[in-house]
$ cat upload_20.cif   # mmCIF, C-alpha atoms
data_query
loop_
_atom_site.label_atom_id
_atom_site.label_comp_id
_atom_site.auth_asym_id
_atom_site.auth_seq_id
_atom_site.Cartn_x
_atom_site.Cartn_y
_atom_site.Cartn_z
CA MET E 1 19.11 25.43 -5.18
CA VAL E 2 15.50 24.74 -5.92
CA ILE E 3 13.29 26.92 -8.07
CA LYS E 4 9.50 26.79 -7.67
CA LEU E 5 7.82 26.64 -10.99
CA GLY E 6 4.41 26.59 -12.58
CA GLY E 7 3.72 25.83 -16.19
CA PHE E 8 0.99 28.01 -17.49
CA VAL E 9 2.06 31.68 -17.51
CA SER E 10 4.61 33.40 -19.74
CA PHE E 11 7.06 35.71 -18.06
CA LEU E 12 9.37 38.52 -19.07
CA PHE E 13 12.81 38.22 -17.54
CA LYS E 14 15.80 40.32 -16.72
CA ARG E 15 19.22 38.74 -16.46
CA PRO E 16 19.82 37.97 -12.77
CA VAL E 17 22.61 39.68 -10.92
CA ALA E 18 25.36 37.18 -10.16
CA GLY E 19 25.27 35.78 -6.66
CA ARG E 20 21.92 37.32 -5.87
CA ARG E 21 18.58 35.55 -5.50
CA MET E 22 15.73 37.76 -6.61
CA LYS E 23 12.00 37.36 -6.14
CA LEU E 24 10.45 36.87 -9.54
CA GLU E 25 7.51 39.08 -10.38
CA SER E 26 5.48 38.35 -13.46
CA ILE E 27 5.60 41.58 -15.42
CA ALA E 28 3.58 40.20 -18.28
CA PHE E 29 1.09 38.62 -15.91
CA ALA E 30 0.74 41.73 -13.77
CA THR E 31 0.23 43.86 -16.85
CA ASP E 32 -2.50 41.48 -17.99
CA ILE E 33 -4.20 41.70 -14.61
CA HIS E 34 -4.24 45.50 -14.67
CA ARG E 35 -5.38 45.55 -18.28
CA ASN E 36 -8.22 43.19 -17.46
CA ARG E 37 -9.09 45.13 -14.34
CA ASN E 38 -9.59 48.27 -16.40
CA CYS E 39 -11.97 46.38 -18.66
CA TYR E 40 -14.10 44.78 -16.00
CA SER E 41 -16.62 47.58 -16.06
CA LEU E 42 -17.22 46.79 -19.73
CA SER E 43 -17.59 43.02 -19.22
CA ARG E 44 -20.52 41.15 -17.78
CA ALA E 45 -20.85 40.96 -14.02
CA TYR E 46 -20.40 37.50 -12.55
CA THR E 47 -23.33 36.35 -10.45
CA THR E 48 -22.31 34.91 -7.08
CA THR E 49 -25.68 35.34 -5.36
CA ILE E 50 -27.78 32.22 -4.91
CA SER E 51 -31.50 31.49 -4.95
CA ASP E 52 -33.36 30.26 -1.86
CA ASN E 53 -33.57 26.78 -3.39
CA VAL E 54 -29.83 26.58 -4.06
CA GLY E 55 -29.13 27.91 -0.56
CA LYS E 56 -31.31 25.19 0.98
CA LYS E 57 -29.60 22.52 -1.13
CA LEU E 58 -26.15 23.74 -0.06
CA GLU E 59 -27.24 23.61 3.56
CA HIS E 60 -28.71 20.14 3.08
CA PHE E 61 -25.72 18.56 1.32
CA THR E 62 -23.09 20.13 3.61
CA ARG E 63 -24.70 18.17 6.46
CA ILE E 64 -23.55 15.06 4.62
CA SER E 65 -19.85 14.25 4.78
CA PRO E 66 -18.09 13.38 1.51
CA SER E 67 -17.42 9.65 1.14
CA PRO E 68 -13.72 9.06 0.44
CA ILE E 69 -12.93 6.16 -1.88
CA SER E 70 -9.77 4.10 -1.75
CA MET E 71 -7.73 3.14 -4.78
CA ALA E 72 -8.76 -0.48 -4.14
CA GLU E 73 -12.45 0.50 -4.19
CA PHE E 74 -12.03 2.44 -7.43
CA ILE E 75 -10.45 -0.68 -8.96
CA GLU E 76 -13.21 -2.95 -7.61
CA ARG E 77 -16.00 -0.73 -8.91
CA GLY E 78 -14.31 -0.48 -12.29
CA GLN E 79 -14.23 -4.23 -12.91
CA ALA E 80 -16.56 -5.53 -15.61
CA GLY E 81 -20.00 -6.28 -14.21
CA LYS E 82 -19.31 -4.89 -10.73
CA MET E 83 -21.15 -1.56 -11.12
CA SER E 84 -23.49 -0.72 -13.95
CA SER E 85 -23.52 2.61 -15.72
CA ALA E 86 -26.82 3.42 -13.99
CA GLU E 87 -25.41 2.63 -10.53
CA SER E 88 -22.30 4.66 -11.26
CA TYR E 89 -24.46 7.57 -12.48
CA THR E 90 -26.54 7.55 -9.30
CA HIS E 91 -23.49 7.47 -7.05
CA LEU E 92 -21.67 10.12 -9.07
CA VAL E 93 -24.55 12.63 -9.02
CA GLN E 94 -25.08 12.33 -5.27
CA GLU E 95 -21.39 12.37 -4.36
CA ALA E 96 -20.61 15.26 -6.73
CA LEU E 97 -23.46 17.28 -5.18
CA VAL E 98 -22.04 16.65 -1.71
CA ARG E 99 -18.47 17.57 -2.68
CA LEU E 100 -19.55 20.63 -4.67
CA SER E 101 -21.72 21.78 -1.76
CA HIS E 102 -18.77 21.67 0.62
CA MET E 103 -16.52 23.38 -1.93
CA ILE E 104 -18.95 26.19 -2.79
CA SER E 105 -19.92 26.80 0.85
CA GLU E 106 -16.24 27.19 1.64
CA MET E 107 -15.52 29.42 -1.37
CA ARG E 108 -18.30 31.79 -0.31
CA GLN E 109 -16.38 32.35 2.95
CA PHE E 110 -12.99 33.10 1.39
CA PRO E 111 -11.21 36.17 2.82
CA LYS E 112 -12.88 39.38 1.63
CA GLU E 113 -9.60 40.67 0.16
CA LEU E 114 -9.63 37.71 -2.22
CA ALA E 115 -13.41 37.41 -2.63
CA GLU E 116 -13.72 40.92 -4.07
CA GLN E 117 -11.43 40.12 -7.02
CA GLU E 118 -13.15 39.59 -10.37
CA GLU E 119 -11.40 36.33 -11.21
CA TYR E 120 -12.54 34.84 -7.91
CA LYS E 121 -16.11 35.89 -8.72
CA ARG E 122 -15.83 34.27 -12.13
CA VAL E 123 -14.62 30.96 -10.66
CA LEU E 124 -17.36 30.91 -8.00
CA SER E 125 -19.99 31.89 -10.57
CA GLU E 126 -18.93 29.01 -12.83
CA TYR E 127 -19.13 26.49 -9.99
CA LEU E 128 -22.59 27.76 -9.10
CA ILE E 129 -23.67 27.23 -12.72
CA THR E 130 -22.39 23.64 -12.61
CA TYR E 131 -24.03 23.05 -9.24
CA THR E 132 -27.40 24.40 -10.38
CA LYS E 133 -27.35 22.23 -13.49
CA LEU E 134 -26.33 19.15 -11.51
CA LEU E 135 -29.23 19.68 -9.09
CA ASN E 136 -31.56 18.94 -12.01
CA PHE E 137 -30.33 15.33 -11.92
CA GLU E 138 -30.73 14.85 -8.16
CA ASN E 139 -33.96 12.90 -8.42
CA LYS E 140 -33.91 11.88 -12.09
CA GLU E 141 -34.26 8.22 -12.94
CA ALA E 142 -31.10 6.49 -14.10
CA ASN E 143 -32.33 5.75 -17.62
CA ALA E 144 -30.37 6.00 -20.86
CA LYS E 145 -31.60 9.53 -21.70
CA ASN E 146 -30.77 11.01 -18.30
CA ILE E 147 -27.40 9.24 -18.12
CA SER E 148 -26.52 10.61 -21.58
CA GLU E 149 -27.48 14.14 -20.53
CA ALA E 150 -25.47 13.79 -17.34
CA VAL E 151 -22.42 12.72 -19.34
CA GLU E 152 -22.78 15.84 -21.49
CA LEU E 153 -22.88 17.92 -18.31
CA LEU E 154 -19.76 16.20 -16.96
CA ILE E 155 -17.83 16.93 -20.16
CA GLU E 156 -19.13 20.51 -20.13
CA ARG E 157 -18.12 20.85 -16.46
CA LYS E 158 -14.54 19.83 -17.17
CA ALA E 159 -14.24 22.41 -19.94
CA ARG E 160 -15.89 25.14 -17.86
CA HIS E 161 -13.49 24.72 -14.93
CA LYS E 162 -10.33 24.11 -16.93
CA GLU E 163 -8.93 27.54 -16.04
CA THR E 164 -9.72 27.45 -12.32
CA VAL E 165 -6.08 27.35 -11.20
CA PRO E 166 -4.74 30.22 -13.38
CA SER E 167 -7.91 32.23 -12.66
CA MET E 168 -7.41 31.94 -8.90
CA ALA E 169 -3.74 32.78 -9.39
CA SER E 170 -4.87 35.93 -11.19
CA ALA E 171 -7.21 36.76 -8.31
CA CYS E 172 -4.38 36.32 -5.81
CA MET E 173 -2.05 38.53 -7.82
CA ALA E 174 -4.74 41.21 -8.12
CA MET E 175 -5.25 41.07 -4.36
CA LYS E 176 -1.50 41.27 -3.83
CA TYR E 177 -1.13 44.39 -5.97
CA LYS E 178 -4.24 46.10 -4.64
CA TYR E 179 -3.40 45.69 -0.97
CA GLY E 180 0.38 45.40 -1.11
CA VAL E 181 0.09 41.99 0.49
CA SER E 182 3.24 39.98 1.07
CA LEU E 183 1.95 36.46 0.47
CA ASP E 184 5.11 34.72 1.65
CA GLU E 185 5.11 36.16 5.18
CA GLU E 186 4.87 33.27 7.63
CA ASP E 187 3.15 35.31 10.35
CA CYS E 188 0.55 36.90 8.09
CA ALA E 189 -2.97 35.70 8.91
CA LEU E 190 -4.19 36.48 5.40
CA THR E 191 -1.36 34.41 3.90
CA LYS E 192 -2.28 31.43 6.08
CA SER E 193 -5.95 31.80 5.25
CA VAL E 194 -5.37 32.04 1.48
CA GLN E 195 -2.99 29.05 1.56
CA TYR E 196 -5.57 27.03 3.52
CA CYS E 197 -8.39 28.01 1.15
CA LEU E 198 -6.48 27.28 -2.05
CA ASP E 199 -5.23 23.91 -0.82
CA ARG E 200 -8.79 22.81 -0.09
CA LEU E 201 -10.25 24.29 -3.28
CA TYR E 202 -7.68 22.57 -5.49
CA ILE E 203 -7.88 19.19 -3.76
CA SER E 204 -11.69 19.34 -4.13
CA ARG E 205 -11.15 20.06 -7.81
CA ILE E 206 -8.79 17.07 -8.10
CA SER E 207 -11.36 14.81 -6.45
CA LEU E 208 -14.19 15.94 -8.74
CA ASN E 209 -12.00 15.35 -11.79
CA MET E 210 -11.13 11.91 -10.43
CA LEU E 211 -14.80 10.94 -10.03
CA THR E 212 -15.71 12.34 -13.44
CA ASN E 213 -12.83 10.81 -15.39
CA GLN E 214 -13.24 7.42 -13.72
CA HIS E 215 -16.94 7.27 -14.63
CA LEU E 216 -16.36 8.44 -18.21
CA MET E 217 -13.53 5.97 -18.89
CA VAL E 218 -14.91 2.92 -17.08
CA HIS E 219 -18.28 3.16 -18.81
CA GLY E 220 -17.00 3.87 -22.29
CA TYR E 221 -17.65 7.60 -22.67
CA LYS E 222 -13.93 8.22 -23.13
CA LYS E 223 -11.42 6.05 -24.94
CA PRO E 224 -10.04 3.53 -22.45
CA ILE E 225 -6.30 3.11 -21.90
CA LYS E 226 -4.93 -0.40 -22.25
CA HIS E 227 -4.32 -2.24 -18.97
CA GLN E 228 -5.95 0.54 -16.94
CA VAL E 229 -9.15 0.51 -14.90
CA GLY E 230 -10.44 3.94 -15.77
CA VAL E 231 -7.66 6.39 -14.93
CA ILE E 232 -5.96 3.91 -12.58
CA ASP E 233 -3.19 1.53 -13.60
CA PRO E 234 -3.05 -1.50 -11.25
CA ARG E 235 0.61 -1.95 -12.25
CA THR E 236 1.94 1.59 -12.56
CA ASN E 237 5.64 1.39 -13.42
CA LEU E 238 7.23 4.28 -11.53
CA GLU E 239 10.55 4.14 -13.35
CA GLU E 240 8.84 4.52 -16.73
CA ILE E 241 6.81 7.51 -15.57
CA VAL E 242 9.77 9.26 -13.94
CA ARG E 243 11.88 8.76 -17.08
CA HIS E 244 9.03 10.14 -19.20
CA ALA E 245 8.75 13.20 -16.93
CA TYR E 246 12.51 13.71 -17.12
CA SER E 247 12.49 13.42 -20.91
CA ASN E 248 9.84 16.13 -21.30
CA ALA E 249 11.51 18.41 -18.76
CA ARG E 250 14.86 17.92 -20.51
CA PHE E 251 13.29 18.87 -23.86
CA MET E 252 12.03 22.13 -22.35
CA CYS E 253 15.37 22.83 -20.69
CA GLU E 254 17.30 22.25 -23.91
CA LYS E 255 14.97 24.61 -25.81
CA CYS E 256 16.13 27.40 -23.52
CA TYR E 257 19.65 26.50 -22.49
CA ILE E 258 20.76 24.07 -25.26
CA ASN E 259 21.97 21.75 -22.49
CA ALA E 260 20.22 19.83 -19.72
CA PRO E 261 21.36 17.71 -16.76
CA LYS E 262 21.54 13.97 -17.35
CA LEU E 263 19.50 11.49 -15.33
CA GLU E 264 20.88 8.82 -13.02
CA LEU E 265 18.10 6.54 -11.77
CA LYS E 266 18.19 3.60 -9.40
CA THR E 267 15.40 1.46 -7.96
CA HIS E 268 15.23 -0.63 -4.81
CA ASN E 269 12.29 -2.99 -4.41
CA LEU E 270 12.39 -4.49 -0.94
CA THR E 271 9.29 -6.63 -1.50
CA ASP E 272 10.43 -8.02 -4.87
CA PRO E 273 14.13 -7.22 -5.52
CA GLU E 274 14.18 -8.77 -9.00
CA HIS E 275 11.44 -6.56 -10.44
CA SER E 276 10.62 -2.90 -11.03
CA VAL E 277 8.68 -0.89 -8.48
CA LEU E 278 4.99 -1.13 -9.33
CA VAL E 279 2.06 0.53 -7.58
CA VAL E 280 -1.71 0.87 -7.96
CA HIS E 281 -2.08 4.54 -8.78
CA VAL E 282 -3.13 7.21 -11.27
CA PRO E 283 -0.22 7.53 -13.75
CA SER E 284 -1.11 11.12 -14.68
CA HIS E 285 -0.88 12.18 -11.03
CA ILE E 286 2.57 10.65 -10.59
CA TYR E 287 3.71 12.17 -13.88
CA HIS E 288 2.52 15.62 -12.76
CA MET E 289 4.43 15.37 -9.47
CA SER E 290 7.61 14.07 -11.10
CA PHE E 291 7.53 16.56 -13.96
CA GLU E 292 7.18 19.60 -11.69
CA VAL E 293 10.04 18.45 -9.47
CA MET E 294 12.22 17.67 -12.51
CA LYS E 295 11.66 21.17 -13.91
CA ASN E 296 12.65 22.69 -10.58
CA ALA E 297 15.76 20.55 -10.36
CA MET E 298 16.85 21.40 -13.92
CA GLN E 299 16.33 25.13 -13.50
CA ALA E 300 18.23 25.11 -10.22
CA THR E 301 21.08 23.11 -11.75
CA VAL E 302 21.34 25.52 -14.69
CA ASN E 303 21.26 28.57 -12.42
CA ASN E 304 23.97 27.20 -10.16
CA ASN E 305 26.24 26.08 -13.01
CA TRP E 306 25.76 28.98 -15.42
CA GLY E 307 29.44 29.14 -16.39
CA LYS E 308 29.71 25.46 -17.35
CA LEU E 309 26.45 24.44 -19.01
CA ASP E 310 28.19 21.69 -20.97
CA GLU E 311 29.24 20.02 -17.70
CA LEU E 312 26.02 20.08 -15.71
CA PRO E 313 25.88 17.70 -12.74
CA PRO E 314 23.23 14.98 -13.14
CA ILE E 315 19.86 14.75 -11.46
CA LYS E 316 19.78 11.62 -9.35
CA VAL E 317 16.60 9.64 -8.68
CA LEU E 318 16.13 6.79 -6.24
CA ILE E 319 12.83 4.85 -6.21
CA CYS E 320 12.35 2.69 -3.12
CA GLN E 321 9.51 0.36 -2.21
CA SER E 322 8.89 -1.07 1.24
CA ASP E 323 5.90 -2.93 2.63
CA ASN E 324 3.86 0.20 3.30
CA ASP E 325 5.39 3.12 1.45
CA ILE E 326 7.04 4.06 -1.82
CA THR E 327 9.53 6.90 -1.98
CA ILE E 328 10.74 8.75 -5.06
CA LYS E 329 13.80 10.80 -4.12
CA ILE E 330 14.88 13.42 -6.69
CA SER E 331 18.21 15.09 -5.95
CA ASP E 332 19.97 18.00 -7.65
CA LEU E 333 23.20 19.92 -7.14
CA GLY E 334 21.55 23.25 -7.81
CA GLY E 335 22.99 25.11 -4.84
CA GLY E 336 20.10 24.61 -2.43
CA VAL E 337 18.37 27.41 -0.55
CA ASP E 338 18.57 28.86 2.94
CA ARG E 339 16.18 27.73 5.65
CA ALA E 340 13.92 30.76 5.31
CA SER E 341 13.45 30.15 1.58
CA SER E 342 13.05 26.41 2.12
CA ASP E 343 9.96 27.06 4.24
CA LYS E 344 8.40 28.99 1.35
CA MET E 345 8.78 26.35 -1.35
CA PHE E 346 5.18 25.22 -0.98
CA LYS E 347 3.68 28.71 -0.83
CA TYR E 348 1.47 29.80 -3.71
CA LEU E 349 2.88 32.63 -5.84
CA TYR E 350 6.37 32.21 -4.39
CA SER E 351 9.07 31.88 -7.03
CA THR E 352 12.66 32.84 -7.66
CA SER E 353 14.52 34.13 -10.68
CA PRO E 354 15.69 31.76 -13.45
CA LYS E 355 18.52 32.46 -15.84
CA VAL E 356 17.67 34.17 -19.09
CA SER E 357 17.04 31.91 -22.09
CA LEU E 358 19.94 31.38 -24.48
CA THR E 359 17.56 30.91 -27.40
CA LYS E 360 14.57 32.79 -28.74
CA GLU E 361 12.32 30.64 -26.57
CA SER E 362 10.75 32.09 -23.46
CA VAL E 363 11.62 30.27 -20.27
CA PRO E 364 8.99 27.50 -20.17
CA LEU E 365 10.44 26.00 -17.01
CA SER E 366 9.21 29.03 -15.07
CA GLY E 367 5.81 30.10 -13.88
CA LEU E 368 3.86 31.53 -10.98
CA GLY E 369 5.21 29.21 -8.32
CA TYR E 370 2.24 26.84 -8.34
CA GLY E 371 4.23 23.75 -9.37
CA LEU E 372 5.27 22.38 -5.98
CA PRO E 373 2.10 23.30 -4.04
CA LEU E 374 -0.12 21.58 -6.61
CA ALA E 375 2.20 18.59 -6.90
CA ARG E 376 2.03 18.15 -3.13
CA LEU E 377 -1.78 18.18 -3.27
CA TYR E 378 -1.76 15.38 -5.86
CA ALA E 379 0.40 13.37 -3.46
CA ARG E 380 -1.72 14.16 -0.40
CA TYR E 381 -4.97 13.40 -2.21
CA PHE E 382 -4.28 9.67 -1.84
CA GLN E 383 -2.53 9.91 1.56
CA GLY E 384 0.97 10.55 0.22
CA ASP E 385 3.09 13.67 0.58
CA ILE E 386 5.98 15.67 -0.82
CA LYS E 387 8.75 16.97 1.42
CA ALA E 388 11.93 18.90 0.74
CA ALA E 389 15.38 18.88 2.29
CA SER E 390 17.61 21.66 1.00
CA TYR E 391 21.30 22.17 1.74
CA GLU E 392 22.41 25.74 1.17
CA ASN E 393 25.25 26.10 -1.36
CA HIS E 394 24.96 22.41 -2.26
CA GLY E 395 21.63 21.06 -3.52
CA THR E 396 18.11 19.89 -2.77
CA ASP E 397 16.42 16.55 -2.20
CA ILE E 398 12.69 16.28 -2.92
CA TYR E 399 10.88 13.25 -1.52
CA ILE E 400 7.62 12.07 -3.13
CA TYR E 401 5.83 9.64 -0.84
CA LEU E 402 3.10 7.26 -2.04
CA ARG E 403 1.14 4.53 -0.29
CA ALA E 404 2.25 1.07 -1.38
CA LEU E 405 -1.09 -0.57 -0.59
CA ALA E 406 -4.18 0.30 -2.65
CA LYS E 407 -6.52 -0.12 0.33
CA GLU E 408 -4.60 2.54 2.23
CA SER E 409 -4.56 5.01 -0.68
CA VAL E 410 -7.79 6.68 0.38
CA GLU E 411 -9.02 10.05 -0.87
CA GLN E 412 -8.35 12.96 1.47
CA LEU E 413 -11.29 15.34 1.13
CA PRO E 414 -12.10 18.74 2.64
CA ILE E 415 -15.19 19.00 4.82
CA TRP E 416 -16.93 22.33 5.31
CA SER E 417 -17.55 22.88 9.02
CA ASP E 418 -17.33 25.47 11.77
CA THR E 419 -13.69 24.47 12.18
CA ALA E 420 -12.93 25.26 8.55
CA SER E 421 -14.83 28.54 8.85
CA SER E 422 -12.82 29.61 11.90
CA LYS E 423 -9.53 28.83 10.15
CA ILE E 424 -10.52 30.93 7.16
CA SER E 425 -11.61 33.91 9.26
CA ALA E 426 -8.80 33.71 11.83
CA THR E 427 -6.76 36.87 12.34
CA SER E 428 -3.22 37.34 13.56
CA SER E 429 -2.67 37.79 17.27
CA ASP E 430 -0.47 40.65 18.39
CA ILE E 431 1.20 38.25 20.80
CA SER E 432 3.30 35.53 19.25
CA ASP E 433 3.79 32.15 20.92
CA TRP E 434 7.47 32.37 19.95
CA THR E 435 10.07 34.90 21.01
CA SER E 436 11.08 37.41 18.36
CA HIS E 437 13.85 39.93 17.95
CA ARG E 438 11.25 42.39 16.65
CA SER E 439 8.93 44.34 18.91
CA THR E 440 5.21 43.59 18.96
CA GLU E 441 4.46 46.87 17.21
CA GLU E 442 7.04 46.20 14.45
CA LYS E 443 5.69 42.70 13.92
CA LYS E 444 2.10 43.96 13.78
CA MET E 445 3.01 46.51 11.14
CA SER E 446 4.66 43.93 8.88
CA TYR E 447 2.22 41.02 9.18
CA CYS E 448 0.74 41.25 5.70
CA PHE E 449 1.13 44.63 4.14
CA SER E 450 4.23 46.25 2.77
CA LYS E 451 5.04 49.65 4.22
#

$ encode --input "upload_20.cif" --output "structure tokens"
Amino acid sequence: MVIKLGGFVSFLFKRPVAGRRMKLESIAFATDIHRNRNCYSLSRAYTTTISDNVGKKLEHFTRISPSPISMAEFIERGQAGKMSSAESYTHLVQEALVRLSHMISEMRQFPKELAEQEEYKRVLSEYLITYTKLLNFENKEANAKNISEAVELLIERKARHKETVPSMASACMAMKYKYGVSLDEEDCALTKSVQYCLDRLYISRISLNMLTNQHLMVHGYKKPIKHQVGVIDPRTNLEEIVRHAYSNARFMCEKCYINAPKLELKTHNLTDPEHSVLVVHVPSHIYHMSFEVMKNAMQATVNNNWGKLDELPPIKVLICQSDNDITIKISDLGGGVDRASSDKMFKYLYSTSPKVSLTKESVPLSGLGYGLPLARLYARYFQGDIKAASYENHGTDIYIYLRALAKESVEQLPIWSDTASSKISATSSDISDWTSHRSTEEKKMSYCFSK
């Protein structure tokens, strides 16, 4: 059994009924949404309108495609003497303007059911503030004063957008409650549109953080990490990171359930059998992916072995390296899920019920169901992926795929275009391209909205 987890929202729980899988609703979170909604009339209105100048700049920069950078290029540019602070500043300003333009243009076309929520308006308003401030540097000379001011803006930007993910989760939940939307319906056009929009928004956010952090660390505005080139480690030890992720997940599990599954880890390096598996990558990204999957595996294992917590089956990890790919396989004996639930693992806001904590701690392994979707985006950002194979009444295997070669680990970036616009605004057809046991009228009634 696999449990989708986030890490940033506290939940109130009821003890699950034995043998029954229940959809987890965040009572505390929903209450907070409604409480905030009642107060919106008293708070300031978020400005999402734009001036003529900003509109023209958005139109101008969305005609320019973002320039994806490979891991090898990031390393090359980060070497001493390869790119000066001034050159990096010039590239960063222009590329950030292009990526923000595509992101903001896309956000302004989000489905109206989501776009009318206050938290969405706040997120868009904050990105417009950043964009407007960054435009001031478009044609500024790359001198010490301007570079210093730009660095201040970059640090301010990171702080301003820190809550983007939970804020958009709040907007989605508000939309869900207002319209009675079932966000895990496969044939719901709104579900597909929201999933598409959030994937692209969050991967744009990841890419902007990557550019920002790399510039700040390479050019001395943030404390460098030994042996790294900015945020990239040319010799990332996957076993060390996976063990670190396991250790932190185990600590959280033991806080709630006193016990935690043990770890069995093996490595297989086809290219260099005598040494550990090393890769050029961003350690924090790999940690995030591994940690989220470990939390899922532990919660599932606890749920499926509730009567024998002192004899929990281990979580097994296999790290394999070939010439082109690296695979991290994380396996649990948590009972697995059925095929219908397996398809929903990577849906935002989809989660299932954990066991109640045995201590006074809340259940920190649980959240809104953003863990796996976001982890998959971190993998896909550099041309990797995360896939799941679940075996009902047995367990689940999660596969984290990474590119073995730095030159092939190239950023995957959203591009705003007519194609993206049509995917956002697409509506469900009454005629399915698959046969169904339900009538057309029944299917139409249950696409998105609960009866």

$ closest_residue --input "upload_20.cif" --among "E:Glu254, E:Glu138, E:Glu411, E:Glu59" --to "E:Phe74" --atoms "all atoms listed in the file"
E:Glu411

$ resolve_selection --input "upload_20.cif" --expression "the PyMOL selection byres ((chain E and resi 218) around 10)" --output "JSON list (two decimals) with C-alpha atoms, keeping the file's coordinate frame"
[["chain", "number", "residue", "atom", "x", "y", "z"],
["E", 75, "ILE", "CA", -10.45, -0.68, -8.96],
["E", 77, "ARG", "CA", -16.00, -0.73, -8.91],
["E", 78, "GLY", "CA", -14.31, -0.48, -12.29],
["E", 79, "GLN", "CA", -14.23, -4.23, -12.91],
["E", 80, "ALA", "CA", -16.56, -5.53, -15.61],
["E", 83, "MET", "CA", -21.15, -1.56, -11.12],
["E", 84, "SER", "CA", -23.49, -0.72, -13.95],
["E", 85, "SER", "CA", -23.52, 2.61, -15.72],
["E", 88, "SER", "CA", -22.30, 4.66, -11.26],
["E", 213, "ASN", "CA", -12.83, 10.81, -15.39],
["E", 214, "GLN", "CA", -13.24, 7.42, -13.72],
["E", 215, "HIS", "CA", -16.94, 7.27, -14.63],
["E", 216, "LEU", "CA", -16.36, 8.44, -18.21],
["E", 217, "MET", "CA", -13.53, 5.97, -18.89],
["E", 219, "HIS", "CA", -18.28, 3.16, -18.81],
["E", 220, "GLY", "CA", -17.00, 3.87, -22.29],
["E", 221, "TYR", "CA", -17.65, 7.60, -22.67],
["E", 222, "LYS", "CA", -13.93, 8.22, -23.13],
["E", 223, "LYS", "CA", -11.42, 6.05, -24.94],
["E", 224, "PRO", "CA", -10.04, 3.53, -22.45],
["E", 225, "ILE", "CA", -6.30, 3.11, -21.90],
["E", 228, "GLN", "CA", -5.95, 0.54, -16.94],
["E", 229, "VAL", "CA", -9.15, 0.51, -14.90],
["E", 230, "GLY", "CA", -10.44, 3.94, -15.77],
["E", 231, "VAL", "CA", -7.66, 6.39, -14.93]]

$ resolve_selection --input "upload_20.cif" --expression "the PyMOL selection byres ((chain E and resi 278) around 10)" --output "VMD selection string"
chain E and resid 233 to 239 269 272 275 to 277 279 to 281 321 326 404

$ closest_residue --input "upload_20.cif" --among "E:Ser342, E:Thr212, E:Thr132, E:Thr62" --to "E:Val151" --atoms "all atoms listed in the file"
E:Thr212

$ closest_atom_pairs --input "upload_20.cif" --of "stretch 279-396 of chain E" --to "stretch 162-173 of chain E" --cutoff "12 Å" --atoms "only C-alpha atoms" --output "JSON lines"
{"residue": "E:Tyr348", "atom": "CA", "partner": "E:Ala169", "partner_atom": "CA", "distance": 8.3}
{"residue": "E:Leu349", "atom": "CA", "partner": "E:Ala169", "partner_atom": "CA", "distance": 7.5}
{"residue": "E:Tyr350", "atom": "CA", "partner": "E:Met173", "partner_atom": "CA", "distance": 11.1}
{"residue": "E:Gly367", "atom": "CA", "partner": "E:Pro166", "partner_atom": "CA", "distance": 10.6}
{"residue": "E:Leu368", "atom": "CA", "partner": "E:Ala169", "partner_atom": "CA", "distance": 7.9}
{"residue": "E:Gly369", "atom": "CA", "partner": "E:Ala169", "partner_atom": "CA", "distance": 9.7}
{"residue": "E:Tyr370", "atom": "CA", "partner": "E:Ala169", "partner_atom": "CA", "distance": 8.5}
{"residue": "E:Gly371", "atom": "CA", "partner": "E:Val165", "partner_atom": "CA", "distance": 11.1}
{"residue": "E:Pro373", "atom": "CA", "partner": "E:Val165", "partner_atom": "CA", "distance": 11.6}
{"residue": "E:Leu374", "atom": "CA", "partner": "E:Val165", "partner_atom": "CA", "distance": 9.5}

$ closest_residue --input "upload_20.cif" --among "E:Leu134, E:Ser284, E:Asp332, E:Pro66" --to "E:Ala379" --atoms "all atoms listed in the file"
E:Ser284

$ resolve_selection --input "upload_20.cif" --expression "the PyMOL selection byres ((chain E and resi 64) around 12)" --output "list in words"
Lys57, Leu58, Glu59, His60, Phe61, Thr62, Arg63, Ser65, Pro66, Ser67, Gln94, Glu95, Ala96, Leu97, Val98, Arg99, Leu100, Ser101, His102, Ile415, Trp416 and Ser417 of chain E

$ atom_distance --input "upload_20.cif" --atom1 "atom CA of E:Asn136" --atom2 "atom CA of E:Ala150"
9.6 Å

$ atom_distance --input "upload_20.cif" --atom1 "atom CA of E:Ala389" --atom2 "atom CA of E:Val337"
9.5 Å

$ residues_near_point --input "upload_20.cif" --point "(-5.5, 33.7, 6.5)" --cutoff "9 Å" --atoms "all atoms listed in the file" --output "JSON, numbers by chain"
{"E": [111, 188, 189, 190, 191, 192, 193, 194, 195, 196, 197, 423, 424, 425, 426, 427, 428]}

$ atom_distance --input "upload_20.cif" --atom1 "atom CA of E:Tyr399" --atom2 "atom CA of E:Ile386"
5.5 Å

$ residues_around --input "upload_20.cif" --residues "E:Asp310" --least-positions-apart "6" --cutoff "9 Å" --atoms "only C-alpha atoms" --output "PyMOL selection string"
chain E and resi 258-261

$ closest_residue --input "upload_20.cif" --among "E:Phe110, E:Tyr89, E:Tyr120, E:Tyr401" --to "E:Glu141" --atoms "only C-alpha atoms"
E:Tyr89

$ closest_residue --input "upload_20.cif" --among "E:Thr130, E:Gln299, E:Asn139, E:Ser409" --to "E:Glu152" --atoms "all atoms listed in the file"
E:Thr130

$ closest_residue --input "upload_20.cif" --among "E:Asn296, E:Asn305, E:Ser322, E:Thr47" --to "E:Ala388" --atoms "only C-alpha atoms"
E:Asn296

$ residues_near_point --input "upload_20.cif" --point "(-20.3, 28.4, -11.7)" --cutoff "10 Å" --atoms "only C-alpha atoms" --output "MDAnalysis selection string"
chainID E and resid 46:48 104 121:133 157 160:161
